[in-house]
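Below: the structure, in structure tokens.
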Amino acid sequence: MNYAVSLAGRASWLSLPNNITDYLDPLPIQSYLPGFTWNNPCVNNPTQFTDTSQICATIKRWEWNFGEPVSGVNNVSSLQNPVHSYSVAGTYSVSLIVSDGCSLDTVVRTVTVTPSPVLTASSNVSICNGNNTTLTASGANTFAWTPSAGLSSTTGGSVNATPTSTITYMVTGMNSNGCYDTSSVTINVSSIAINVSAAASICSGASVTLTTGGAISYTWQPATGLSSTTGTSVISTPAGTTTYFVTGTDANGCQGTTSVTVIVNNNPVANAGNNVSVCPGSLASLTASGGTSYLWSTGATSSGINVSPAVTTVYNVTVSIGACKGTDAVTVTILPLPIVNAGADVTITTGGSTTLSGSGGGSYSWSPSSGLSCITCQNPA
């Protein structure tokens, strides 16, 4: 059996005696078969190096040199299975030194790095929510897009994108050698939210102001009943219940539409009753209808009131149903007192009679009744 002294990679400048004394511990010479493999040797792509060394002892150290000094500290590695990315295509001498702590061995292999594709993709773009845009890529043989959300396809040099929110798509292009390059494109999605006044309830003939916001310009429709069809604030006086639509446009030209309904309630039909004629000092009973609440020009708030005007008077009443109102009027006419004439005084003899005749009225009542043939006749006999 042959024995030797391991120098653990160090050089000996002095010769050793032919006979090694017994106090040196003999170490067997290790049998090394160093080696490694690699894949994907492309420019700017990570090349995976895999240690395939076969030795008798356990390897404790790996020393890699990738043959690319311009990569600086990245040109070396002490990992068993490192990754290195080459910046320039060409042929590189890659070395691996393996050691078990006492002995070491080296293997050198030639690695040919091929060019990667130079990928060109669409520029960043802004679109309106709901719209789509075409994304393109060139410079490779095949293309893969991620994420898939909003894309018409995840492969090909041209795809349609309809994202619902701002998103960045990555595209990976691969050439015939299996080398790849990546690029990205961001689609900024502009979502516009238009706000508008709450639904309004008005009475017939009344107006309401409608307001909106969330954009920089606005268009209202239909125009019926509106003071204007543009602007953040318009006045609505519709003849009947109407739904208005407002479309807002933002700085990117994106549009959003919302609506508001103006409910028109009919005003109540007020009825103050028929006109009344009374004599001076008499009471006139007035009764209104058509609403759920009432207000007379006298201040009374009941549907029916009694009045006794000194002169002919017009009474107004406002009837209401909710906020909607209607008005009507009734006239109380004060009739003039008749000018009564009983005729000239008459003198008669005892037992005699005479005829009394009154004028100026429509009906007559005489008093005292003593000696009269009638009390309420025109000409008592």
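Chain lettering (A, B, ...) mirrors the order of the structure tokens, residue numbering begins at 1 for each chain separately, and ligand numbering begins at 1 in order of display.
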
Quiz item: Could you write out, as an MDAnalysis selection string, all the residues of stretch 73-245 of chain A that DSSP marks as strand (DSSP E)?
Solution: chainID A and resid 76:77 83:85 90:99 104:113 120:121 125:128 133:138 142:146 158:161 167:174 180:190 195:196 200:203 208:213 217:221 233:236 242:245

Self-check item: Who sits within 8 Å of A:Lys60, only C-alpha atoms, same chain under 6 positions skipped, as JSON, numbers by chain
Solution: {"A": [98, 99, 100, 101]}

Could the residues in this selection be written to a file with C-alpha atoms, as a compact mmCIF listing (two decimals), in the first residue's frame?
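The file below, part_11.txt, is the result:
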```
# COMPACT_ATOMS: atom_id res chain seq x y z
CA VAL A 98 -13.08 21.20 -5.39
CA SER A 99 -11.45 20.39 -2.06
CA ASP A 100 -12.08 18.15 0.92
CA GLY A 101 -9.94 20.32 3.15
```

Self-check item: Close residues, stretch 149-166 of chain A itself excluded, 6 Å, only C-alpha atoms, min 4 positions apart in chain, as a ChimeraX atom specification
Solution: /A:129,132-137,143-145,187-189

Would you put the residues from that selection into a file with all heavy atoms, as a tab-separated table (two decimals), in the first residue's frame?
```
chain	number	residue	atom	x	y	z
A	129	ASN	N	-61.73	53.50	-18.63
A	129	ASN	CA	-62.28	52.24	-18.15
A	129	ASN	C	-63.36	51.75	-19.11
A	129	ASN	O	-64.26	52.49	-19.50
A	129	ASN	CB	-62.88	52.45	-16.75
A	129	ASN	CG	-63.25	51.13	-16.09
A	129	ASN	OD1	-62.75	50.08	-16.47
A	129	ASN	ND2	-64.12	51.19	-15.11
A	132	ASN	N	-60.32	49.41	-24.71
A	132	ASN	CA	-59.23	48.44	-24.86
A	132	ASN	C	-58.11	49.06	-25.66
A	132	ASN	O	-58.26	50.11	-26.29
A	132	ASN	CB	-59.72	47.15	-25.53
A	132	ASN	CG	-60.21	47.37	-26.96
A	132	ASN	OD1	-59.40	47.61	-27.85
A	132	ASN	ND2	-61.51	47.31	-27.18
A	133	THR	N	-56.96	48.41	-25.62
A	133	THR	CA	-55.80	48.86	-26.38
A	133	THR	C	-55.02	47.64	-26.85
A	133	THR	O	-55.17	46.54	-26.28
A	133	THR	CB	-54.89	49.77	-25.53
A	133	THR	OG1	-53.85	50.31	-26.34
A	133	THR	CG2	-54.28	49.00	-24.38
A	134	THR	N	-54.23	47.81	-27.90
A	134	THR	CA	-53.44	46.71	-28.45
A	134	THR	C	-52.00	46.82	-27.95
A	134	THR	O	-51.38	47.88	-28.06
A	134	THR	CB	-53.46	46.73	-29.98
A	134	THR	OG1	-54.81	46.57	-30.44
A	134	THR	CG2	-52.62	45.58	-30.54
A	135	LEU	N	-51.49	45.71	-27.41
A	135	LEU	CA	-50.11	45.64	-26.95
A	135	LEU	C	-49.31	44.82	-27.96
A	135	LEU	O	-49.76	43.76	-28.40
A	135	LEU	CB	-50.03	44.99	-25.57
A	135	LEU	CG	-50.87	45.62	-24.46
A	135	LEU	CD1	-50.67	44.87	-23.16
A	135	LEU	CD2	-50.52	47.10	-24.29
A	136	THR	N	-48.12	45.31	-28.30
A	136	THR	CA	-47.28	44.59	-29.26
A	136	THR	C	-45.88	44.39	-28.69
A	136	THR	O	-45.42	45.14	-27.83
A	136	THR	CB	-47.17	45.37	-30.58
A	136	THR	OG1	-46.58	46.65	-30.32
A	136	THR	CG2	-48.54	45.54	-31.23
A	137	ALA	N	-45.22	43.33	-29.19
A	137	ALA	CA	-43.83	43.05	-28.83
A	137	ALA	C	-43.12	42.49	-30.06
A	137	ALA	O	-43.74	41.81	-30.89
A	137	ALA	CB	-43.76	42.05	-27.67
A	143	PHE	N	-43.57	34.75	-27.76
A	143	PHE	CA	-43.84	35.75	-26.73
A	143	PHE	C	-44.84	35.18	-25.72
A	143	PHE	O	-45.77	34.46	-26.10
A	143	PHE	CB	-44.41	37.03	-27.35
A	143	PHE	CG	-43.53	37.61	-28.43
A	143	PHE	CD1	-43.70	37.22	-29.76
A	143	PHE	CD2	-42.54	38.52	-28.12
A	143	PHE	CE1	-42.90	37.73	-30.76
A	143	PHE	CE2	-41.72	39.04	-29.12
A	143	PHE	CZ	-41.90	38.65	-30.44
A	144	ALA	N	-44.65	35.54	-24.47
A	144	ALA	CA	-45.57	35.12	-23.40
A	144	ALA	C	-45.87	36.34	-22.53
A	144	ALA	O	-44.95	37.06	-22.10
A	144	ALA	CB	-44.96	34.01	-22.56
A	145	TRP	N	-47.18	36.60	-22.29
A	145	TRP	CA	-47.62	37.77	-21.54
A	145	TRP	C	-48.18	37.35	-20.19
A	145	TRP	O	-48.88	36.34	-20.08
A	145	TRP	CB	-48.70	38.52	-22.31
A	145	TRP	CG	-48.28	39.05	-23.66
A	145	TRP	CD1	-48.21	38.36	-24.83
A	145	TRP	CD2	-47.86	40.38	-23.96
A	145	TRP	NE1	-47.79	39.16	-25.85
A	145	TRP	CE2	-47.56	40.42	-25.35
A	145	TRP	CE3	-47.71	41.54	-23.21
A	145	TRP	CZ2	-47.13	41.57	-25.99
A	145	TRP	CZ3	-47.28	42.70	-23.85
A	145	TRP	CH2	-46.99	42.71	-25.22
A	187	ILE	N	-50.51	49.99	-18.36
A	187	ILE	CA	-51.75	50.60	-18.86
A	187	ILE	C	-52.41	51.31	-17.69
A	187	ILE	O	-52.79	50.69	-16.70
A	187	ILE	CB	-52.70	49.55	-19.46
A	187	ILE	CG1	-52.04	48.82	-20.62
A	187	ILE	CG2	-54.00	50.22	-19.92
A	187	ILE	CD1	-52.90	47.74	-21.22
A	188	ASN	N	-52.49	52.63	-17.80
A	188	ASN	CA	-53.18	53.42	-16.78
A	188	ASN	C	-54.65	53.52	-17.15
A	188	ASN	O	-55.00	54.04	-18.22
A	188	ASN	CB	-52.57	54.82	-16.68
A	188	ASN	CG	-51.14	54.78	-16.19
A	188	ASN	OD1	-50.87	54.38	-15.07
A	188	ASN	ND2	-50.20	55.19	-17.05
A	189	VAL	N	-55.51	52.99	-16.30
A	189	VAL	CA	-56.95	52.97	-16.56
A	189	VAL	C	-57.60	54.11	-15.79
A	189	VAL	O	-57.48	54.20	-14.56
A	189	VAL	CB	-57.57	51.63	-16.16
A	189	VAL	CG1	-59.08	51.65	-16.42
A	189	VAL	CG2	-56.92	50.50	-16.94
```

DSSP helix (DSSP H, G or I) residues within stretch 24-142 of chain A, as a PDB file with N, CA and C atoms, in the first residue's frame:
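Okay, this is what ended up in out-v6.pdb:
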```
ATOM      1  N   PRO A  69     -14.043  38.504 -16.054  1.00  0.00           N
ATOM      2  CA  PRO A  69     -13.509  39.440 -15.059  1.00  0.00           C
ATOM      3  C   PRO A  69     -14.305  40.735 -14.944  1.00  0.00           C
ATOM      4  N   VAL A  70     -14.935  41.168 -16.042  1.00  0.00           N
ATOM      5  CA  VAL A  70     -15.666  42.440 -15.994  1.00  0.00           C
ATOM      6  C   VAL A  70     -16.855  42.371 -15.050  1.00  0.00           C
ATOM      7  N   SER A  71     -17.258  41.159 -14.661  1.00  0.00           N
ATOM      8  CA  SER A  71     -18.392  41.032 -13.742  1.00  0.00           C
ATOM      9  C   SER A  71     -17.972  41.251 -12.300  1.00  0.00           C
ATOM     10  N   GLY A  72     -16.697  41.518 -12.057  1.00  0.00           N
ATOM     11  CA  GLY A  72     -16.242  41.862 -10.718  1.00  0.00           C
ATOM     12  C   GLY A  72     -16.409  40.730  -9.736  1.00  0.00           C
ATOM     13  N   VAL A  73     -16.972  41.067  -8.567  1.00  0.00           N
ATOM     14  CA  VAL A  73     -17.118  40.067  -7.509  1.00  0.00           C
ATOM     15  C   VAL A  73     -18.054  38.933  -7.926  1.00  0.00           C
ATOM     16  N   ASN A  74     -18.875  39.189  -8.944  1.00  0.00           N
ATOM     17  CA  ASN A  74     -19.792  38.145  -9.403  1.00  0.00           C
ATOM     18  C   ASN A  74     -19.095  37.106 -10.277  1.00  0.00           C
ATOM     19  N   ASN A  75     -17.805  37.321 -10.573  1.00  0.00           N
ATOM     20  CA  ASN A  75     -17.072  36.382 -11.420  1.00  0.00           C
ATOM     21  C   ASN A  75     -16.674  35.116 -10.664  1.00  0.00           C
TER      22      ASN A  75
END
```

Quiz prompt | Gap from atom CA of A:Phe66 to atom CA of A:Phe36 - Å, one decimal | solution = 12.2 Å

For A:Thr186, find every residue with an atom within 10 Å (counting only C-alpha atoms), except residues of its own chain fewer than 5 positions away, and show them as a short mmCIF file (atom, residue, chain, number, x, y, z; two decimals) with C-alpha atoms, in the first residue's frame.
```cif
data_model
loop_
_atom_site.label_atom_id
_atom_site.label_comp_id
_atom_site.auth_asym_id
_atom_site.auth_seq_id
_atom_site.Cartn_x
_atom_site.Cartn_y
_atom_site.Cartn_z
CA SER A 122 -45.43 48.90 -26.61
CA SER A 123 -45.02 52.15 -24.70
CA ASN A 124 -47.05 52.84 -21.58
CA VAL A 125 -50.55 53.99 -22.42
CA SER A 126 -53.62 55.51 -20.73
CA THR A 166 -54.22 50.24 -13.85
CA ILE A 167 -51.93 47.27 -14.47
CA THR A 168 -48.40 46.42 -15.65
CA TYR A 169 -48.04 43.56 -18.12
CA MET A 170 -44.76 41.64 -18.52
#
```

Quiz prompt | Test item: residues at most 12 Å from stretch 251-264 of chain A, only C-alpha atoms, excluding those fewer than 5 positions along its chain, as a PyMOL selection string | solution = chain A and resi 125-131+188-222+225-226+235-246+323-324

Quiz item: Using only C-alpha atoms, which residue out of A:Leu119, A:Cys102, A:Ala284, A:Ala329 lies closest to A:Tyr180?
Solution: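 Among A:Leu119, A:Cys102, A:Ala284, A:Ala329, it is A:Leu119 that comes nearest to A:Tyr180.
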
Quiz item: Near A:Leu96, within 10 Å and counting only C-alpha atoms, which residues show up once chain neighbours fewer than 6 positions away are dropped, as number ranges by chain?
Solution: A: 34-36, 51, 53, 62-66, 76-78, 80, 105-109
